[in-house]
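File shown here: upload06.cif, holding mmCIF, C-alpha atoms.
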```cif
data_upload
#
loop_
_atom_site.group_PDB
_atom_site.id
_atom_site.type_symbol
_atom_site.label_atom_id
_atom_site.label_comp_id
_atom_site.auth_asym_id
_atom_site.auth_seq_id
_atom_site.Cartn_x
_atom_site.Cartn_y
_atom_site.Cartn_z
ATOM 1 C CA MET T 826 23.293 5.642 11.884
ATOM 2 C CA GLY T 827 26.878 4.748 12.686
ATOM 3 C CA PHE T 828 26.127 1.045 12.426
ATOM 4 C CA THR T 829 28.967 -0.976 10.885
ATOM 5 C CA ARG T 830 29.798 -4.523 9.912
ATOM 6 C CA ARG T 831 32.285 -4.814 12.780
ATOM 7 C CA ALA T 832 29.728 -3.525 15.314
ATOM 8 C CA PHE T 833 27.155 -6.054 14.120
ATOM 9 C CA LEU T 834 29.589 -8.952 14.336
ATOM 10 C CA LYS T 835 30.988 -7.965 17.725
ATOM 11 C CA SER T 836 27.649 -7.356 19.430
ATOM 12 C CA ALA T 837 25.991 -10.428 17.936
ATOM 13 C CA ALA T 838 28.920 -12.577 19.047
ATOM 14 C CA MET T 839 28.547 -11.308 22.601
ATOM 15 C CA GLY T 840 24.823 -12.060 22.599
ATOM 16 C CA ALA T 841 24.779 -15.373 20.772
ATOM 17 C CA GLY T 842 28.170 -16.794 21.626
ATOM 18 C CA ALA T 843 28.466 -18.087 18.076
ATOM 19 C CA LEU T 844 28.960 -15.139 15.717
ATOM 20 C CA LEU T 845 32.700 -14.493 15.274
ATOM 21 C CA VAL T 846 34.285 -11.761 13.191
ATOM 22 C CA PRO T 847 35.235 -13.361 9.838
ATOM 23 C CA MET T 848 37.677 -12.070 7.296
ATOM 24 C CA ARG T 849 35.963 -10.538 4.265
ATOM 25 C CA GLY T 850 34.949 -13.272 1.828
ATOM 26 C CA GLU T 851 35.053 -16.048 4.412
ATOM 27 C CA ALA T 852 32.239 -18.462 3.557
ATOM 28 C CA ARG T 853 31.582 -20.002 6.974
ATOM 29 C CA ILE T 854 28.208 -19.129 8.495
ATOM 30 C CA LYS T 855 28.462 -18.214 12.175
ATOM 31 C CA THR T 856 24.819 -17.638 13.085
ATOM 32 C CA ARG T 857 21.327 -18.167 11.703
ATOM 33 C CA LEU T 858 18.328 -15.900 11.890
ATOM 34 C CA HIS T 859 14.821 -17.210 11.282
ATOM 35 C CA VAL T 860 12.850 -14.418 9.622
ATOM 36 C CA ALA T 861 9.112 -14.641 8.891
ATOM 37 C CA TYR T 862 8.178 -11.975 6.364
ATOM 38 C CA ALA T 863 5.356 -10.798 4.123
ATOM 39 C CA GLY T 864 5.267 -12.911 0.971
ATOM 40 C CA SER T 865 5.660 -9.904 -1.313
ATOM 41 C CA MET T 866 9.211 -9.446 0.025
ATOM 42 C CA GLY T 867 10.538 -12.673 -1.510
ATOM 43 C CA ALA T 868 12.784 -11.149 -4.194
ATOM 44 C CA LEU T 869 14.229 -8.579 -1.788
ATOM 45 C CA MET T 870 15.007 -11.113 0.922
ATOM 46 C CA HIS T 871 16.336 -13.907 -1.318
ATOM 47 C CA ASN T 872 18.332 -11.856 -3.802
ATOM 48 C CA GLY T 873 19.092 -8.633 -1.929
ATOM 49 C CA VAL T 874 19.240 -8.997 1.841
ATOM 50 C CA ALA T 875 20.271 -12.635 2.372
ATOM 51 C CA PRO T 876 23.436 -12.574 0.191
ATOM 52 C CA VAL T 877 24.696 -9.403 1.902
ATOM 53 C CA MET T 878 24.028 -10.810 5.366
ATOM 54 C CA ALA T 879 25.925 -13.986 4.493
ATOM 55 C CA ARG T 880 28.845 -12.199 2.862
ATOM 56 C CA GLU T 881 29.273 -9.249 5.233
ATOM 57 C CA PHE T 882 28.026 -10.635 8.543
ATOM 58 C CA ALA T 883 28.390 -14.436 8.184
ATOM 59 C CA THR T 884 24.682 -14.669 8.993
ATOM 60 C CA LEU T 885 22.318 -17.066 7.256
ATOM 61 C CA ILE T 886 18.783 -15.742 6.807
ATOM 62 C CA GLU T 887 16.351 -18.649 6.994
ATOM 63 C CA GLY T 888 13.139 -17.157 5.669
ATOM 64 C CA ARG T 889 9.474 -18.037 5.758
ATOM 65 C CA ALA T 890 7.484 -16.032 3.195
ATOM 66 C CA GLN T 891 3.709 -16.010 3.558
ATOM 67 C CA GLY T 892 0.737 -13.699 3.928
ATOM 68 C CA ALA T 893 1.547 -11.468 6.898
ATOM 69 C CA LEU T 894 -1.849 -11.963 8.551
ATOM 70 C CA GLY T 895 -1.449 -15.726 8.469
ATOM 71 C CA LEU T 896 2.080 -15.461 9.869
ATOM 72 C CA ALA T 897 0.909 -13.126 12.630
ATOM 73 C CA HIS T 898 -1.777 -15.555 13.775
ATOM 74 C CA MET T 899 0.686 -18.461 13.769
ATOM 75 C CA ILE T 900 3.190 -16.462 15.811
ATOM 76 C CA ALA T 901 0.487 -15.353 18.253
ATOM 77 C CA ALA T 902 -0.684 -18.969 18.669
ATOM 78 C CA GLY T 903 2.861 -20.243 19.218
ATOM 79 C CA VAL T 904 2.816 -22.391 16.066
ATOM 80 C CA ILE T 905 6.025 -20.851 14.683
ATOM 81 C CA HIS T 906 8.908 -19.201 16.544
ATOM 82 C CA PRO T 907 10.956 -16.940 14.247
ATOM 83 C CA ASP T 908 13.585 -14.520 15.496
ATOM 84 C CA VAL T 909 12.210 -11.631 13.413
ATOM 85 C CA PHE T 910 8.787 -10.861 11.970
ATOM 86 C CA ILE T 911 8.347 -8.346 9.127
ATOM 87 C CA SER T 912 4.799 -7.233 8.349
ATOM 88 C CA ILE T 913 3.183 -5.004 5.766
ATOM 89 C CA THR T 914 0.779 -2.537 7.457
ATOM 90 C CA ARG T 915 0.437 -2.364 11.208
ATOM 91 C CA GLY T 916 -2.529 -4.774 11.486
ATOM 92 C CA PRO T 917 -0.569 -8.060 11.515
ATOM 93 C CA MET T 918 2.110 -6.548 13.737
ATOM 94 C CA ASP T 919 -0.528 -5.369 16.206
ATOM 95 C CA ILE T 920 -1.675 -9.006 16.513
ATOM 96 C CA VAL T 921 1.866 -10.096 17.428
ATOM 97 C CA LEU T 922 2.378 -7.198 19.830
ATOM 98 C CA GLY T 923 -1.021 -7.748 21.409
ATOM 99 C CA ALA T 924 -0.209 -11.406 22.042
ATOM 100 C CA GLY T 925 2.965 -10.425 23.891
ATOM 101 C CA LYS T 926 5.196 -12.072 21.272
ATOM 102 C CA ALA T 927 7.131 -8.839 20.640
ATOM 103 C CA ARG T 928 7.601 -5.607 22.574
ATOM 104 C CA GLU T 929 8.098 -3.072 19.782
ATOM 105 C CA ALA T 930 8.289 -2.817 16.000
ATOM 106 C CA PHE T 931 10.104 -0.357 13.764
ATOM 107 C CA ALA T 932 9.185 0.967 10.321
ATOM 108 C CA ILE T 933 11.758 -0.059 7.710
ATOM 109 C CA ALA T 934 10.102 0.778 4.362
ATOM 110 C CA SER T 935 6.877 1.639 2.567
ATOM 111 C CA THR T 936 5.212 1.019 -0.794
ATOM 112 C CA GLU T 937 1.962 1.622 -2.675
ATOM 113 C CA LEU T 938 -0.710 -0.498 -4.309
ATOM 114 C CA VAL T 939 -0.666 -0.717 -8.129
ATOM 115 C CA ILE T 940 -2.406 -2.646 -10.882
ATOM 116 C CA ALA T 941 0.086 -5.036 -12.480
ATOM 117 C CA TYR T 942 -0.702 -6.569 -15.856
ATOM 118 C CA SER T 943 0.651 -9.213 -18.150
ATOM 119 C CA PRO T 944 2.606 -8.078 -21.214
ATOM 120 C CA HIS T 945 0.871 -10.941 -23.038
ATOM 121 C CA THR T 946 -2.703 -9.877 -22.299
ATOM 122 C CA ARG T 947 -4.851 -8.466 -25.069
ATOM 123 C CA TYR T 948 -5.622 -5.601 -22.653
ATOM 124 C CA ALA T 949 -1.943 -4.586 -22.306
ATOM 125 C CA GLN T 950 -2.125 -1.678 -24.750
ATOM 126 C CA ALA T 951 -5.322 -0.335 -23.219
ATOM 127 C CA LEU T 952 -3.963 -0.607 -19.666
ATOM 128 C CA GLY T 953 -0.679 1.002 -20.696
ATOM 129 C CA ALA T 954 -2.575 4.012 -22.025
ATOM 130 C CA ALA T 955 -5.251 4.058 -19.301
ATOM 131 C CA ASP T 956 -6.188 7.426 -17.811
ATOM 132 C CA ARG T 957 -4.369 9.406 -20.484
ATOM 133 C CA ALA T 958 -6.447 12.005 -22.255
ATOM 134 C CA GLY T 959 -8.811 10.347 -24.713
ATOM 135 C CA HIS T 960 -8.224 6.814 -23.348
ATOM 136 C CA GLU T 961 -10.391 4.552 -21.253
ATOM 137 C CA ALA T 962 -10.055 4.572 -17.467
ATOM 138 C CA TRP T 963 -8.228 1.615 -15.896
ATOM 139 C CA TRP T 964 -11.234 0.568 -13.846
ATOM 140 C CA ARG T 965 -13.521 0.482 -16.863
ATOM 141 C CA ILE T 966 -11.064 -1.859 -18.594
ATOM 142 C CA LEU T 967 -11.009 -4.174 -15.565
ATOM 143 C CA GLU T 968 -14.813 -4.200 -15.486
ATOM 144 C CA GLU T 969 -14.969 -5.901 -18.889
ATOM 145 C CA PRO T 970 -16.386 -9.445 -18.557
ATOM 146 C CA GLY T 971 -13.424 -11.270 -20.103
ATOM 147 C CA VAL T 972 -10.701 -9.836 -17.847
ATOM 148 C CA ARG T 973 -8.914 -12.424 -15.683
ATOM 149 C CA PHE T 974 -8.022 -10.567 -12.484
ATOM 150 C CA GLY T 975 -5.886 -12.023 -9.701
ATOM 151 C CA ARG T 976 -5.505 -11.176 -6.015
ATOM 152 C CA THR T 977 -4.663 -12.781 -2.687
ATOM 153 C CA ASP T 978 -6.833 -14.056 0.149
ATOM 154 C CA PRO T 979 -8.156 -11.250 2.401
ATOM 155 C CA LEU T 980 -8.480 -13.774 5.234
ATOM 156 C CA THR T 981 -4.715 -14.398 5.414
ATOM 157 C CA ASP T 982 -2.905 -11.688 3.478
ATOM 158 C CA PRO T 983 -2.992 -7.900 3.973
ATOM 159 C CA GLN T 984 -2.745 -7.362 0.212
ATOM 160 C CA GLY T 985 -5.978 -9.303 -0.169
ATOM 161 C CA LEU T 986 -7.601 -6.815 2.192
ATOM 162 C CA ASN T 987 -5.882 -3.826 0.648
ATOM 163 C CA VAL T 988 -7.164 -4.433 -2.878
ATOM 164 C CA VAL T 989 -10.724 -4.466 -1.518
ATOM 165 C CA PHE T 990 -10.055 -1.222 0.349
ATOM 166 C CA MET T 991 -8.501 0.310 -2.766
ATOM 167 C CA MET T 992 -11.475 -0.615 -4.953
ATOM 168 C CA ARG T 993 -13.910 0.811 -2.405
ATOM 169 C CA LEU T 994 -11.886 4.015 -2.223
ATOM 170 C CA ALA T 995 -11.933 4.080 -6.033
ATOM 171 C CA GLU T 996 -15.739 3.947 -5.965
ATOM 172 C CA ARG T 997 -15.729 7.170 -3.974
ATOM 173 C CA TYR T 998 -12.864 8.833 -5.838
ATOM 174 C CA TYR T 999 -14.256 8.172 -9.335
ATOM 175 C CA ARG T 1000 -17.905 8.388 -8.223
ATOM 176 C CA ALA T 1001 -18.472 4.924 -9.668
ATOM 177 C CA PRO T 1002 -20.926 2.950 -7.505
ATOM 178 C CA HIS T 1003 -20.434 -0.848 -7.451
ATOM 179 C CA LEU T 1004 -16.990 -0.593 -9.088
ATOM 180 C CA ALA T 1005 -15.526 -3.021 -6.527
ATOM 181 C CA ARG T 1006 -18.259 -5.600 -7.059
ATOM 182 C CA ARG T 1007 -17.983 -5.427 -10.842
ATOM 183 C CA ILE T 1008 -14.202 -6.012 -10.780
ATOM 184 C CA LEU T 1009 -13.760 -8.306 -7.779
ATOM 185 C CA GLY T 1010 -17.086 -10.087 -7.513
ATOM 186 C CA PRO T 1011 -17.687 -11.253 -3.939
ATOM 187 C CA VAL T 1012 -14.993 -10.448 -1.373
ATOM 188 C CA ILE T 1013 -14.076 -14.142 -1.201
ATOM 189 C CA ASN T 1014 -13.972 -15.017 -4.885
ATOM 190 C CA HIS T 1015 -12.079 -18.255 -5.407
ATOM 191 C CA ARG T 1016 -11.812 -17.646 -9.149
ATOM 192 C CA GLN T 1017 -9.531 -14.682 -8.435
ATOM 193 C CA ILE T 1018 -7.709 -15.680 -5.241
ATOM 194 C CA PHE T 1019 -4.261 -17.304 -5.381
ATOM 195 C CA PRO T 1020 -1.245 -17.582 -3.056
ATOM 196 C CA GLU T 1021 0.816 -14.399 -3.246
ATOM 197 C CA PRO T 1022 3.862 -15.780 -5.165
ATOM 198 C CA GLU T 1023 1.535 -17.503 -7.623
ATOM 199 C CA VAL T 1024 -0.163 -14.261 -8.672
ATOM 200 C CA MET T 1025 3.005 -12.808 -10.197
ATOM 201 C CA ALA T 1026 3.902 -16.146 -11.811
ATOM 202 C CA ARG T 1027 0.473 -16.303 -13.451
ATOM 203 C CA LEU T 1028 0.899 -12.758 -14.772
ATOM 204 C CA GLN T 1029 4.286 -13.649 -16.239
ATOM 205 C CA GLY T 1030 2.842 -16.741 -17.884
ATOM 206 C CA GLY T 1031 -0.206 -14.934 -19.282
ATOM 207 C CA GLN T 1032 -2.688 -16.940 -17.187
ATOM 208 C CA LEU T 1033 -3.936 -13.683 -15.662
ATOM 209 C CA ASP T 1034 -4.560 -10.401 -17.428
ATOM 210 C CA ALA T 1035 -4.095 -8.138 -14.398
ATOM 211 C CA SER T 1036 -3.780 -8.240 -10.623
ATOM 212 C CA SER T 1037 -3.363 -6.172 -7.528
ATOM 213 C CA ALA T 1038 0.261 -5.790 -6.444
ATOM 214 C CA TYR T 1039 2.561 -3.755 -4.309
ATOM 215 C CA LYS T 1040 4.796 -1.593 -6.513
ATOM 216 C CA THR T 1041 7.814 -3.617 -5.425
ATOM 217 C CA GLN T 1042 6.522 -6.826 -7.020
ATOM 218 C CA PRO T 1043 6.069 -6.072 -10.751
ATOM 219 C CA ALA T 1044 8.980 -3.616 -10.690
ATOM 220 C CA ALA T 1045 11.343 -6.358 -9.480
ATOM 221 C CA LEU T 1046 10.136 -8.739 -12.209
ATOM 222 C CA GLY T 1047 10.069 -6.251 -15.071
ATOM 223 C CA LEU T 1048 6.290 -6.546 -15.396
ATOM 224 C CA PRO T 1049 4.285 -3.489 -16.471
ATOM 225 C CA TYR T 1050 2.056 -1.827 -13.916
ATOM 226 C CA LEU T 1051 -0.316 1.090 -13.604
ATOM 227 C CA SER T 1052 0.225 3.645 -10.831
ATOM 228 C CA LEU T 1053 -2.867 4.844 -8.994
ATOM 229 C CA PRO T 1054 -3.739 8.207 -7.427
ATOM 230 C CA PRO T 1055 -2.427 8.662 -3.855
ATOM 231 C CA GLN T 1056 -6.019 9.135 -2.679
ATOM 232 C CA ILE T 1057 -6.605 5.407 -3.287
ATOM 233 C CA ASN T 1058 -3.201 3.647 -3.469
ATOM 234 C CA LEU T 1059 -2.739 3.428 0.339
ATOM 235 C CA GLY T 1060 0.839 4.633 -0.081
ATOM 236 C CA ASP T 1061 0.631 8.180 1.243
ATOM 237 C CA ALA T 1062 0.385 8.771 5.000
ATOM 238 C CA ALA T 1063 -1.039 12.226 4.282
ATOM 239 C CA TYR T 1064 -4.275 10.499 3.209
ATOM 240 C CA GLU T 1065 -4.512 8.196 6.242
ATOM 241 C CA LYS T 1066 -7.774 9.746 7.434
ATOM 242 C CA ALA T 1067 -9.244 9.543 3.924
ATOM 243 C CA TYR T 1068 -8.293 5.857 3.693
ATOM 244 C CA ASP T 1069 -10.139 5.255 6.958
ATOM 245 C CA ALA T 1070 -13.422 6.137 5.218
ATOM 246 C CA VAL T 1071 -13.802 2.519 4.041
ATOM 247 C CA SER T 1072 -13.853 -0.763 5.940
ATOM 248 C CA LEU T 1073 -14.486 -4.476 5.491
ATOM 249 C CA ARG T 1074 -16.195 -6.945 7.794
ATOM 250 C CA LEU T 1075 -14.893 -10.521 7.669
ATOM 251 C CA HIS T 1076 -16.110 -13.231 10.032
ATOM 252 C CA GLY T 1077 -17.435 -10.634 12.447
ATOM 253 C CA THR T 1078 -14.232 -8.562 12.524
ATOM 254 C CA ILE T 1079 -14.136 -5.067 11.047
ATOM 255 C CA HIS T 1080 -10.919 -4.271 9.180
ATOM 256 C CA ARG T 1081 -9.780 -0.791 8.178
ATOM 257 C CA PRO T 1082 -6.936 0.256 5.868
ATOM 258 C CA SER T 1083 -3.689 1.837 6.977
ATOM 259 C CA PRO T 1084 -0.724 3.174 4.976
ATOM 260 C CA LEU T 1085 1.490 0.510 3.403
ATOM 261 C CA VAL T 1086 4.388 0.612 5.844
ATOM 262 C CA PHE T 1087 6.630 -2.395 6.547
ATOM 263 C CA TYR T 1088 7.339 -3.017 10.241
ATOM 264 C CA ALA T 1089 9.999 -5.313 11.706
ATOM 265 C CA ALA T 1090 10.114 -6.740 15.245
ATOM 266 C CA VAL T 1091 12.320 -9.027 17.289
ATOM 267 C CA LEU T 1092 10.239 -11.818 18.785
ATOM 268 C CA THR T 1093 10.461 -12.211 22.565
ATOM 269 C CA ALA T 1094 11.096 -15.947 22.182
ATOM 270 C CA SER T 1095 14.059 -15.407 19.850
ATOM 271 C CA GLN T 1096 17.105 -17.484 20.731
ATOM 272 C CA ASN T 1097 19.355 -14.851 19.164
ATOM 273 C CA ARG T 1098 17.863 -11.537 20.236
ATOM 274 C CA THR T 1099 21.042 -9.496 19.903
ATOM 275 C CA ALA T 1100 21.690 -10.515 16.292
ATOM 276 C CA ALA T 1101 17.974 -10.156 15.498
ATOM 277 C CA SER T 1102 17.913 -6.638 16.938
ATOM 278 C CA HIS T 1103 20.979 -5.610 15.003
ATOM 279 C CA PHE T 1104 19.572 -7.103 11.804
ATOM 280 C CA ILE T 1105 16.576 -4.764 12.096
ATOM 281 C CA GLU T 1106 18.875 -1.864 12.920
ATOM 282 C CA TRP T 1107 20.955 -2.686 9.834
ATOM 283 C CA LEU T 1108 17.841 -2.598 7.631
ATOM 284 C CA ARG T 1109 17.406 1.011 8.716
ATOM 285 C CA THR T 1110 20.998 2.070 7.950
ATOM 286 C CA PRO T 1111 21.982 3.730 4.645
ATOM 287 C CA MET T 1112 23.339 0.364 3.421
ATOM 288 C CA GLY T 1113 20.125 -1.482 4.251
ATOM 289 C CA GLN T 1114 17.965 1.292 2.833
ATOM 290 C CA ALA T 1115 20.006 1.314 -0.387
ATOM 291 C CA ILE T 1116 19.210 -2.377 -0.890
ATOM 292 C CA LEU T 1117 15.515 -1.748 -0.188
ATOM 293 C CA HIS T 1118 15.535 1.127 -2.693
ATOM 294 C CA ARG T 1119 17.226 -1.073 -5.293
ATOM 295 C CA TYR T 1120 14.251 -3.425 -4.991
ATOM 296 C CA HIS T 1121 11.811 -0.523 -5.439
ATOM 297 C CA TYR T 1122 10.852 0.010 -1.798
ATOM 298 C CA ASP T 1123 10.303 3.557 -0.605
ATOM 299 C CA GLY T 1124 11.560 4.925 2.715
ATOM 300 C CA PRO T 1125 9.595 4.380 5.944
ATOM 301 C CA THR T 1126 8.014 7.861 5.643
ATOM 302 C CA GLY T 1127 8.734 8.758 9.271
ATOM 303 C CA ALA T 1128 6.267 6.213 10.649
ATOM 304 C CA ALA T 1129 6.497 5.985 14.443
ATOM 305 C CA PRO T 1130 7.474 2.711 16.180
ATOM 306 C CA LEU T 1131 4.691 0.428 17.409
ATOM 307 C CA HIS T 1132 4.593 -0.762 21.008
ATOM 308 C CA ALA T 1133 2.859 -3.589 22.851
#
```
Represent the structure of the file as structure tokens.
Amino acid sequence: MGFTRRAFLKSAAMGAGALLVPMRGEARIKTRLHVAYAGSMGALMHNGVAPVMAREFATLIEGRAQGALGLAHMIAAGVIHPDVFISITRGPMDIVLGAGKAREAFAIASTELVIAYSPHTRYAQALGAADRAGHEAWWRILEEPGVRFGRTDPLTDPQGLNVVFMMRLAERYYRAPHLARRILGPVINHRQIFPEPEVMARLQGGQLDASSAYKTQPAALGLPYLSLPPQINLGDAAYEKAYDAVSLRLHGTIHRPSPLVFYAAVLTASQNRTAASHFIEWLRTPMGQAILHRYHYDGPTGAAPLHA
């Protein structure tokens, strides 16, 4: 795209009446964007995107990081009113689009599900060698009774759903009945479920042995992780139909997996729609994509836009 700093500043100023073209290095903030985003994006948004937006575009990103499902329901109910919503997988975004809170959403990145583990765990060596010839499979290690496994809440966070989907796909892929139950226990298992930012902190501190994670999370923190086959990691759109072979019923609603694509949308109630729209466009430019790649995000894999 031919999207430049000057174009962003000029068009946002026309739309918001507040964003003026600053000289490079000028510290004054000219506009603010409220962005609600999937909790796993914290490091990217705080350390990668926000500083560039402030320095290059005099725009302050005021973020709200939380499970994307929970954010979607709050937006749909009118509890929060961000300018931009960024979701992982299309499910939460479909809730926002279906409620008429946004008109369209664009794919900006993708990732895959991995098994992250603590460098301090006594299982670190086994997990590091898992699936190599002559070594124990990763899922057999996680089935051991003493393993402390962490994950997020499937009622509020797509990752919490995705780890259940992944384990059920693993049952089929490895021909290992009850694998998911042996590792996760019940779907809602309060001994394993923590807020998304807390999972990585517990791994770093050695309070958990292993956890589900998107590849972006342990990679950004320097934590070791185990890659999974594309048939089960939800990261390859070529296997979308295969992923759809599993499902999960929660509170009467049937959920199905979809590839791990990040979608961004301007909310219809945004007070700064022009700047919000150009922020999403910037995320899709070579500069924006370079920052995403630096934080271990993959490209959007050609995913089509979503519409209300």
As a check of understanding, name the residues that the PyMOL selection byres ((chain T and resi 1117) around 10) selects in the supplied structure, as number ranges by chain. T: 866, 869-870, 873-874, 933-935, 1041, 1108-1109, 1111-1116, 1118-1124
Could you tell me, as a PDB file with C-alpha atoms, keeping the file's coordinate frame, exactly which residues end up selected when the PyMOL selection byres ((chain T and resi 1021) around 7) is applied to this structure?
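Result saved to out.pdb:
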```
ATOM      1  CA  GLY T 864       5.267 -12.911   0.971  1.00  0.00           C
ATOM      2  CA  SER T 865       5.660  -9.904  -1.313  1.00  0.00           C
ATOM      3  CA  THR T 977      -4.663 -12.781  -2.687  1.00  0.00           C
ATOM      4  CA  PHE T1019      -4.261 -17.304  -5.381  1.00  0.00           C
ATOM      5  CA  PRO T1020      -1.245 -17.582  -3.056  1.00  0.00           C
ATOM      6  CA  PRO T1022       3.862 -15.780  -5.165  1.00  0.00           C
ATOM      7  CA  GLU T1023       1.535 -17.503  -7.623  1.00  0.00           C
ATOM      8  CA  VAL T1024      -0.163 -14.261  -8.672  1.00  0.00           C
TER       9      VAL T1024
END
```
Using the chain letters and numbering of this document, enumerate as a PyMOL selection string the residues selected by the PyMOL selection byres ((chain T and resi 1104) around 12). chain T and resi 828-830+832-834+836-837+856-860+874-875+877-879+881-882+884-886+908-911+931+933+1089-1091+1097-1103+1105-1110+1112-1113
Length of the CA of Gly1031 (chain T) to CA of Pro1043 (chain T) vector [Å]: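 CA of Pro1043 (chain T) lies 13.8 Å from CA of Gly1031 (chain T).
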Looking at all atoms listed in the file, which of T:Ala868, T:Ala1128, T:Ala1062, T:Ala1038 is the one that sits closest to Phe1087 (chain T)?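 Of all the options, T:Ala1128 lies closest to Phe1087 (chain T).
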Quick one, how far is CA of Arg1016 (chain T) from CA of Arg976 (chain T)?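 Separation of CA of Arg1016 (chain T) and CA of Arg976 (chain T): 9.6 Å.
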Atom pair CA of Ala1026 (chain T) + CA of Tyr942 (chain T), distance 11.4 Å
Selected residue, from T:Pro876, T:Gly975, T:Gly953, T:Pro1130, that lies nearest to Ile1018 (chain T) when counting only C-alpha atoms: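 Of T:Pro876, T:Gly975, T:Gly953, T:Pro1130, the one nearest Ile1018 (chain T) is T:Gly975, counting only C-alpha atoms.
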Choose the residue, out of T:Met899, T:Leu952, T:Val1086, T:Ile1057, that has the smallest atom-to-atom separation from Arg997 (chain T); count only C-alpha atoms. T:Ile1057
Excluding Pro1054 (chain T) and residues on its chain fewer than 4 positions from it, collect all residues at most 10 Å away from it, counting only C-alpha atoms, and give them as a count of residues only. 9
